[in-house]
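**Q** Would you mind keeping the following structure in view while I ask a few things?
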Amino acid sequence: MFAKMPSNKVREALKEVRFSINKIFMLDIFLETAIVFLLGYLLVSVSGLRTENSLLVISGISILYFIIFSWRKIRINKIKLVEKKFPKLKEKITTASDYVDEDNDVVKELHKEVITDLNDVDEGSFMQDKAVFLKSFIIVGICFLILFLAPINIQKLPIVEQIKNIADVNIKITPIWPQQPEPYSGGPSSTGLGSSKDSIYGQKKIITLGNIQQQLDLRATSFELNVKDVQDVEENQIFGDAFPSEIVAQSSVLSEEEQRIPKDQQEIVKQYFRISAEG
Amino acid sequence: MQNYKKNFEELYGEINKVIVGQNSVVEQILISILCDGNALLEGYPGLAKTLIVRTLSQLLDLKFSRIQNTPDLMPSDITGTYIIEEQSGKRQFKFHPGPVFANIVLADEINRATPKTQSALLEAMQEKQVTVGNTTFKLDLPFFVLATQNPIEQEGTYPLPEAQSDRFLLKIKVEYPTFEEELEIVNKYTSDIKEPRLRVMFNKTTLLNLQAHTREVPIANELKQKVVKLIESSRANKEIIEYGASPRASIGLILASKARALINGRNYVSIDDIKTMAYPVMRHRIILNFEAERKGMTTDDAVKQLLDKMK
């Protein structure tokens, strides 16, 4: 490991010892950080929380992990580590390290001995082969899992649906935040204004949603309605020339209408105009 | 360093020609010599304390003298005194050096001497010089005092005050030999009358160089801190210790550990050196409290407790 000493001095030998062990530590921490990041990524992907913010959080956690554990490992006394691993060097390297600037015959001899002994120290002995293999294996495994799950809409998997349902039920039972108005669910109402069947205006609180930019999908009519574009109903439009005072339906047209528009929808439209006319 | 180890192994080999066992005692005496310190040997009579010291002085090619301490021993009996001498019809005082003027001084049963005489000897070993009248005489270096004391027969003795025993770097316990060792001793000293021929292993210069090298042996900062914490904990632990060890103990422990590393051919101090040397360095510097003594604890037990707590 330390066979090629740059200048055969104990100071450089000790520096190389520290550097070599730090390299091994860094590799170990890098693998652990990769596992933390990939696990986080997998978790947010599976839970359907994969957003830019969640990825930033995961990256932050990974970086924090790397910094904290690197700091902890760097602070470990590498000389002690070598001495622990090689009992014949116990106290020898520490002493040589403490007397690195000393210049007497005994210390010189000690320095020579330490350099010779360090030649026998194998860098590989500090590498935990099994742990490194296991960590690498875990990384590869998680990567494959992420790739495998990528084309699958995991949200649509029955088991995930079930879990979500259970979660929803739990949330309804024990709400921990103030209850919000029920958003448009694309339910039986085809007006696109909530689930109210009685009024075309729906509830007032639904109207207030007009301030928020939303995109609603009206499945029944297959067109998109931007709530932002919805404006207050103008009387002129209703009572002006836009609409005839009387609606006369021709039978042929009616029959055509009847064929195209379902009965219940026709009834709603009629009701709308009736209410509008009554003011 | 490996050369030192080889030399010391040869030295042990030579000592073993005379002494059976007691390797740790020999090692600790050598450590004391390498640290330029003094040692207090404590053991029962007949455990070859004097023989070890005498043999070592022969192997190290050092001048050896022995002082048998008794209550009537005067300081001048140790340091030397002026005597009137007639030279070419003129009478003049001439200094007659005492037994302290040697490289290795064995002060046998030091606790039998009066405090005044003990002080004279302790001053010599501390200052490495002797003052007689108005004249100060430098002692020849290297200079070591190896004092012995008997743990039994306390009647008529003057136990060394703590302040004075602190000046000894090590307090070495001389234990009884094992059964096998004793058998070998019996065989050796009841069959062969001839005294073995000893080879001089080190001379004064080598010894002084070794002392310098001992101080150069590096010790990791972490271990230094452990030593200081250990000594500090002896002062802080009031549960069993009345008075803890002084900073002199910290210095002594680090030096002794360095010397042990050198003897074992290592160019750095290990925690084992510290743990081994903590006992001889600290055992005479700790005073147990009444509660600990009531429980039958020894200072070695206290040191062990402190070492166990040391992380």
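In the structure tokens, each chain is lettered A, B, ... as it comes, each chain's residues begin at 1, and ligands are numbered from 1 in order of appearance.
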Under the rule of at most 12 Å, produce a per-residue listing of chain B near chain A: chain, number, name, the closest pair of atoms, and the distance in Å, as a Markdown table, using only C-alpha atoms.
**A**
```
| residue | atom | partner | partner_atom | distance |
| --- | --- | --- | --- | --- |
| B:Met1 | CA | A:Val106 | CA | 7.8 |
| B:Gln2 | CA | A:Glu109 | CA | 10.6 |
| B:Tyr4 | CA | A:Val106 | CA | 11.5 |
| B:Asn209 | CA | A:Asp105 | CA | 12.0 |
| B:Leu210 | CA | A:Val106 | CA | 11.3 |
| B:Ala212 | CA | A:Val106 | CA | 10.6 |
| B:His213 | CA | A:Val106 | CA | 7.2 |
| B:Thr214 | CA | A:Val106 | CA | 9.0 |
| B:Arg215 | CA | A:Val106 | CA | 9.7 |
| B:Glu216 | CA | A:Val106 | CA | 6.3 |
| B:Val217 | CA | A:Val106 | CA | 6.0 |
| B:Pro218 | CA | A:Val107 | CA | 6.6 |
| B:Ile219 | CA | A:Thr95 | CA | 5.9 |
| B:Ala220 | CA | A:Thr95 | CA | 4.3 |
| B:Asn221 | CA | A:Asp98 | CA | 6.6 |
| B:Glu222 | CA | A:Thr94 | CA | 8.5 |
| B:Leu223 | CA | A:Glu91 | CA | 8.9 |
| B:Lys224 | CA | A:Thr95 | CA | 10.7 |
| B:Lys258 | CA | A:Val106 | CA | 11.3 |
| B:Ala261 | CA | A:Val106 | CA | 11.3 |
| B:Leu262 | CA | A:Val106 | CA | 9.5 |
| B:Gly265 | CA | A:Val106 | CA | 10.8 |
| B:Arg266 | CA | A:Leu110 | CA | 8.6 |
| B:Asn267 | CA | A:Leu110 | CA | 5.8 |
| B:Tyr268 | CA | A:Lys92 | CA | 6.4 |
| B:Val269 | CA | A:Glu91 | CA | 7.6 |
| B:Ser270 | CA | A:Glu91 | CA | 6.2 |
| B:Ile271 | CA | A:Glu91 | CA | 8.0 |
| B:Asp272 | CA | A:Glu91 | CA | 10.5 |
| B:Asp273 | CA | A:Glu91 | CA | 11.5 |
```
**Q** Take the residues from that selection and put them in a file with N, CA and C atoms, as a PDB file, in the first residue's frame.
**A**
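For reference, out.pdb as written:
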```
ATOM      1  N   MET B   1      18.352  -0.160  18.636  1.00  0.00           N
ATOM      2  CA  MET B   1      17.544  -0.564  19.786  1.00  0.00           C
ATOM      3  C   MET B   1      17.639  -2.076  20.025  1.00  0.00           C
ATOM      4  N   GLN B   2      17.664  -2.803  18.937  1.00  0.00           N
ATOM      5  CA  GLN B   2      17.779  -4.255  19.060  1.00  0.00           C
ATOM      6  C   GLN B   2      19.139  -4.625  19.667  1.00  0.00           C
ATOM      7  N   TYR B   4      20.669  -2.842  21.928  1.00  0.00           N
ATOM      8  CA  TYR B   4      20.516  -2.639  23.371  1.00  0.00           C
ATOM      9  C   TYR B   4      19.858  -3.863  24.004  1.00  0.00           C
ATOM     10  N   ASN B 209      26.008   7.124  28.345  1.00  0.00           N
ATOM     11  CA  ASN B 209      25.330   7.244  27.039  1.00  0.00           C
ATOM     12  C   ASN B 209      23.932   6.642  27.090  1.00  0.00           C
ATOM     13  N   LEU B 210      23.855   5.510  27.777  1.00  0.00           N
ATOM     14  CA  LEU B 210      22.544   4.857  27.906  1.00  0.00           C
ATOM     15  C   LEU B 210      21.556   5.752  28.658  1.00  0.00           C
ATOM     16  N   ALA B 212      21.581   8.940  28.646  1.00  0.00           N
ATOM     17  CA  ALA B 212      21.162  10.004  27.722  1.00  0.00           C
ATOM     18  C   ALA B 212      20.136   9.471  26.730  1.00  0.00           C
ATOM     19  N   HIS B 213      20.378   8.251  26.247  1.00  0.00           N
ATOM     20  CA  HIS B 213      19.443   7.642  25.286  1.00  0.00           C
ATOM     21  C   HIS B 213      18.071   7.394  25.914  1.00  0.00           C
ATOM     22  N   THR B 214      18.088   7.052  27.182  1.00  0.00           N
ATOM     23  CA  THR B 214      16.825   6.782  27.870  1.00  0.00           C
ATOM     24  C   THR B 214      15.901   7.991  27.788  1.00  0.00           C
ATOM     25  N   ARG B 215      16.481   9.153  27.982  1.00  0.00           N
ATOM     26  CA  ARG B 215      15.672  10.376  27.952  1.00  0.00           C
ATOM     27  C   ARG B 215      15.202  10.710  26.526  1.00  0.00           C
ATOM     28  N   GLU B 216      15.907  10.147  25.554  1.00  0.00           N
ATOM     29  CA  GLU B 216      15.512  10.430  24.157  1.00  0.00           C
ATOM     30  C   GLU B 216      14.376   9.537  23.664  1.00  0.00           C
ATOM     31  N   VAL B 217      14.086   8.482  24.419  1.00  0.00           N
ATOM     32  CA  VAL B 217      13.024   7.563  23.966  1.00  0.00           C
ATOM     33  C   VAL B 217      11.699   8.326  23.924  1.00  0.00           C
ATOM     34  N   PRO B 218      11.056   8.325  22.761  1.00  0.00           N
ATOM     35  CA  PRO B 218       9.810   9.104  22.667  1.00  0.00           C
ATOM     36  C   PRO B 218       8.628   8.418  23.344  1.00  0.00           C
ATOM     37  N   ILE B 219       7.751   9.234  23.827  1.00  0.00           N
ATOM     38  CA  ILE B 219       6.505   8.730  24.436  1.00  0.00           C
ATOM     39  C   ILE B 219       5.351   9.548  23.854  1.00  0.00           C
ATOM     40  N   ALA B 220       4.317   8.854  23.433  1.00  0.00           N
ATOM     41  CA  ALA B 220       3.166   9.530  22.799  1.00  0.00           C
ATOM     42  C   ALA B 220       2.519  10.506  23.773  1.00  0.00           C
ATOM     43  N   ASN B 221       2.041  11.612  23.241  1.00  0.00           N
ATOM     44  CA  ASN B 221       1.398  12.629  24.088  1.00  0.00           C
ATOM     45  C   ASN B 221       0.227  12.046  24.878  1.00  0.00           C
ATOM     46  N   GLU B 222      -0.470  11.147  24.221  1.00  0.00           N
ATOM     47  CA  GLU B 222      -1.630  10.512  24.854  1.00  0.00           C
ATOM     48  C   GLU B 222      -1.194   9.756  26.122  1.00  0.00           C
ATOM     49  N   LEU B 223      -0.057   9.071  26.026  1.00  0.00           N
ATOM     50  CA  LEU B 223       0.434   8.306  27.183  1.00  0.00           C
ATOM     51  C   LEU B 223       0.918   9.237  28.293  1.00  0.00           C
ATOM     52  N   LYS B 224       1.529  10.345  27.877  1.00  0.00           N
ATOM     53  CA  LYS B 224       1.966  11.326  28.884  1.00  0.00           C
ATOM     54  C   LYS B 224       0.755  11.819  29.676  1.00  0.00           C
ATOM     55  N   LYS B 258      10.315   4.877  29.977  1.00  0.00           N
ATOM     56  CA  LYS B 258      11.263   5.024  28.868  1.00  0.00           C
ATOM     57  C   LYS B 258      12.417   4.029  29.005  1.00  0.00           C
ATOM     58  N   ALA B 261      11.347   0.588  28.153  1.00  0.00           N
ATOM     59  CA  ALA B 261      11.245   0.426  26.694  1.00  0.00           C
ATOM     60  C   ALA B 261      12.632   0.196  26.097  1.00  0.00           C
ATOM     61  N   LEU B 262      13.605   0.954  26.573  1.00  0.00           N
ATOM     62  CA  LEU B 262      14.985   0.825  26.054  1.00  0.00           C
ATOM     63  C   LEU B 262      15.546  -0.564  26.342  1.00  0.00           C
ATOM     64  N   GLY B 265      14.300  -3.121  24.099  1.00  0.00           N
ATOM     65  CA  GLY B 265      14.638  -2.927  22.682  1.00  0.00           C
ATOM     66  C   GLY B 265      13.581  -2.200  21.886  1.00  0.00           C
ATOM     67  N   ARG B 266      12.767  -1.410  22.570  1.00  0.00           N
ATOM     68  CA  ARG B 266      11.748  -0.643  21.858  1.00  0.00           C
ATOM     69  C   ARG B 266      12.139   0.825  21.833  1.00  0.00           C
ATOM     70  N   ASN B 267      11.832   1.480  20.719  1.00  0.00           N
ATOM     71  CA  ASN B 267      12.168   2.908  20.645  1.00  0.00           C
ATOM     72  C   ASN B 267      10.927   3.779  20.862  1.00  0.00           C
ATOM     73  N   TYR B 268       9.990   3.261  21.590  1.00  0.00           N
ATOM     74  CA  TYR B 268       8.806   4.039  21.986  1.00  0.00           C
ATOM     75  C   TYR B 268       8.245   3.420  23.261  1.00  0.00           C
ATOM     76  N   VAL B 269       7.553   4.233  24.018  1.00  0.00           N
ATOM     77  CA  VAL B 269       6.974   3.753  25.286  1.00  0.00           C
ATOM     78  C   VAL B 269       5.582   3.191  25.013  1.00  0.00           C
ATOM     79  N   SER B 270       5.302   2.077  25.625  1.00  0.00           N
ATOM     80  CA  SER B 270       3.963   1.496  25.460  1.00  0.00           C
ATOM     81  C   SER B 270       3.196   1.611  26.776  1.00  0.00           C
ATOM     82  N   ILE B 271       1.908   1.370  26.677  1.00  0.00           N
ATOM     83  CA  ILE B 271       1.060   1.466  27.880  1.00  0.00           C
ATOM     84  C   ILE B 271       1.455   0.385  28.897  1.00  0.00           C
ATOM     85  N   ASP B 272       1.977  -0.733  28.400  1.00  0.00           N
ATOM     86  CA  ASP B 272       2.417  -1.802  29.307  1.00  0.00           C
ATOM     87  C   ASP B 272       3.577  -1.334  30.184  1.00  0.00           C
ATOM     88  N   ASP B 273       4.469  -0.539  29.584  1.00  0.00           N
ATOM     89  CA  ASP B 273       5.596   0.011  30.361  1.00  0.00           C
ATOM     90  C   ASP B 273       5.057   0.836  31.530  1.00  0.00           C
TER      91      ASP B 273
END
```
**Q** Give me the residues within 9 Å of range 51-59 of chain B as a ChimeraX atom specification, counting only C-alpha atoms and dropping any in the same chain fewer than 5 places off.
**A** /B:11,14-15,18-19,22,25-26,29-30,64-66,103-106,146,198-203
**Q** Let's have the selection written as a PDB file, in the first residue's frame, with C-alpha atoms.
**A**
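Saved to selection10.pdb:
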```pdb
ATOM      1  CA  LEU B  11      23.699  -8.853  31.017  1.00  0.00           C
ATOM      2  CA  GLU B  14      25.687 -12.942  33.334  1.00  0.00           C
ATOM      3  CA  ILE B  15      23.577 -12.056  36.367  1.00  0.00           C
ATOM      4  CA  VAL B  18      25.043 -15.711  40.249  1.00  0.00           C
ATOM      5  CA  ILE B  19      21.411 -14.904  40.928  1.00  0.00           C
ATOM      6  CA  GLN B  22      14.579 -12.192  40.662  1.00  0.00           C
ATOM      7  CA  VAL B  25      14.178  -6.997  40.588  1.00  0.00           C
ATOM      8  CA  VAL B  26      17.242  -6.910  38.351  1.00  0.00           C
ATOM      9  CA  ILE B  29      17.419  -1.869  39.414  1.00  0.00           C
ATOM     10  CA  LEU B  30      18.698  -1.426  35.862  1.00  0.00           C
ATOM     11  CA  PHE B  64      30.827  -0.457  44.729  1.00  0.00           C
ATOM     12  CA  SER B  65      30.577   0.285  48.426  1.00  0.00           C
ATOM     13  CA  ARG B  66      28.325  -0.945  51.134  1.00  0.00           C
ATOM     14  CA  ASN B 103      29.385   4.682  41.900  1.00  0.00           C
ATOM     15  CA  ILE B 104      27.010   2.218  43.451  1.00  0.00           C
ATOM     16  CA  VAL B 105      26.312   2.568  47.139  1.00  0.00           C
ATOM     17  CA  LEU B 106      24.365  -0.111  48.872  1.00  0.00           C
ATOM     18  CA  LEU B 146      20.425   1.345  46.409  1.00  0.00           C
ATOM     19  CA  LEU B 198      31.675 -12.474  35.394  1.00  0.00           C
ATOM     20  CA  ARG B 199      32.234 -10.535  32.201  1.00  0.00           C
ATOM     21  CA  VAL B 200      32.090  -6.747  32.318  1.00  0.00           C
ATOM     22  CA  MET B 201      29.187  -5.730  30.121  1.00  0.00           C
ATOM     23  CA  PHE B 202      29.111  -1.931  30.295  1.00  0.00           C
ATOM     24  CA  ASN B 203      31.587   0.695  31.354  1.00  0.00           C
TER      25      ASN B 203
END
```
**Q** Extract, using only C-alpha atoms, all DNA, RNA and protein residues at most 9 Å from Leu38 in chain A, discarding same-chain residues fewer than 4 positions from it, and format them as an NGL selection string.
**A** :A and (33-34 or 42-43 or 58 or 139 or 142-143 or 146)
**Q** Once you have the residues from the selection above, write them out as a short mmCIF file (atom, residue, chain, number, x, y, z; two decimals), in the first residue's frame, restricted to N, CA and C atoms.
**A**
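As written to disk, again.cif reads:
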```cif
data_model
loop_
_atom_site.label_atom_id
_atom_site.label_comp_id
_atom_site.auth_asym_id
_atom_site.auth_seq_id
_atom_site.Cartn_x
_atom_site.Cartn_y
_atom_site.Cartn_z
N THR A 33 -24.96 7.23 0.61
CA THR A 33 -25.73 8.39 0.17
C THR A 33 -26.57 8.03 -1.05
N ALA A 34 -25.98 7.27 -1.97
CA ALA A 34 -26.71 6.85 -3.17
C ALA A 34 -27.93 6.03 -2.77
N LEU A 42 -37.56 6.37 -4.88
CA LEU A 42 -38.50 5.26 -5.07
C LEU A 42 -39.77 5.48 -4.24
N LEU A 43 -39.55 5.97 -3.05
CA LEU A 43 -40.67 6.19 -2.13
C LEU A 43 -41.64 7.24 -2.66
N ILE A 58 -35.39 15.31 -1.23
CA ILE A 58 -34.60 14.07 -1.19
C ILE A 58 -33.12 14.39 -1.43
N ILE A 139 -27.93 -0.76 -4.36
CA ILE A 139 -28.06 0.35 -5.32
C ILE A 139 -28.57 -0.15 -6.66
N ILE A 142 -32.24 -1.18 -6.42
CA ILE A 142 -33.19 -0.05 -6.39
C ILE A 142 -33.30 0.58 -7.77
N CYS A 143 -32.15 0.69 -8.46
CA CYS A 143 -32.16 1.27 -9.81
C CYS A 143 -33.06 0.45 -10.73
N ILE A 146 -36.69 1.03 -9.91
CA ILE A 146 -37.19 2.32 -10.41
C ILE A 146 -37.47 2.22 -11.91
#
```
**Q** Mind checking DSSP for range 58-133 of chain A and telling me the helix (DSSP H, G or I) residues as a ChimeraX atom specification?
**A** /A:58-75,78-85,87-89,92-98,105-119,123-126,129-133
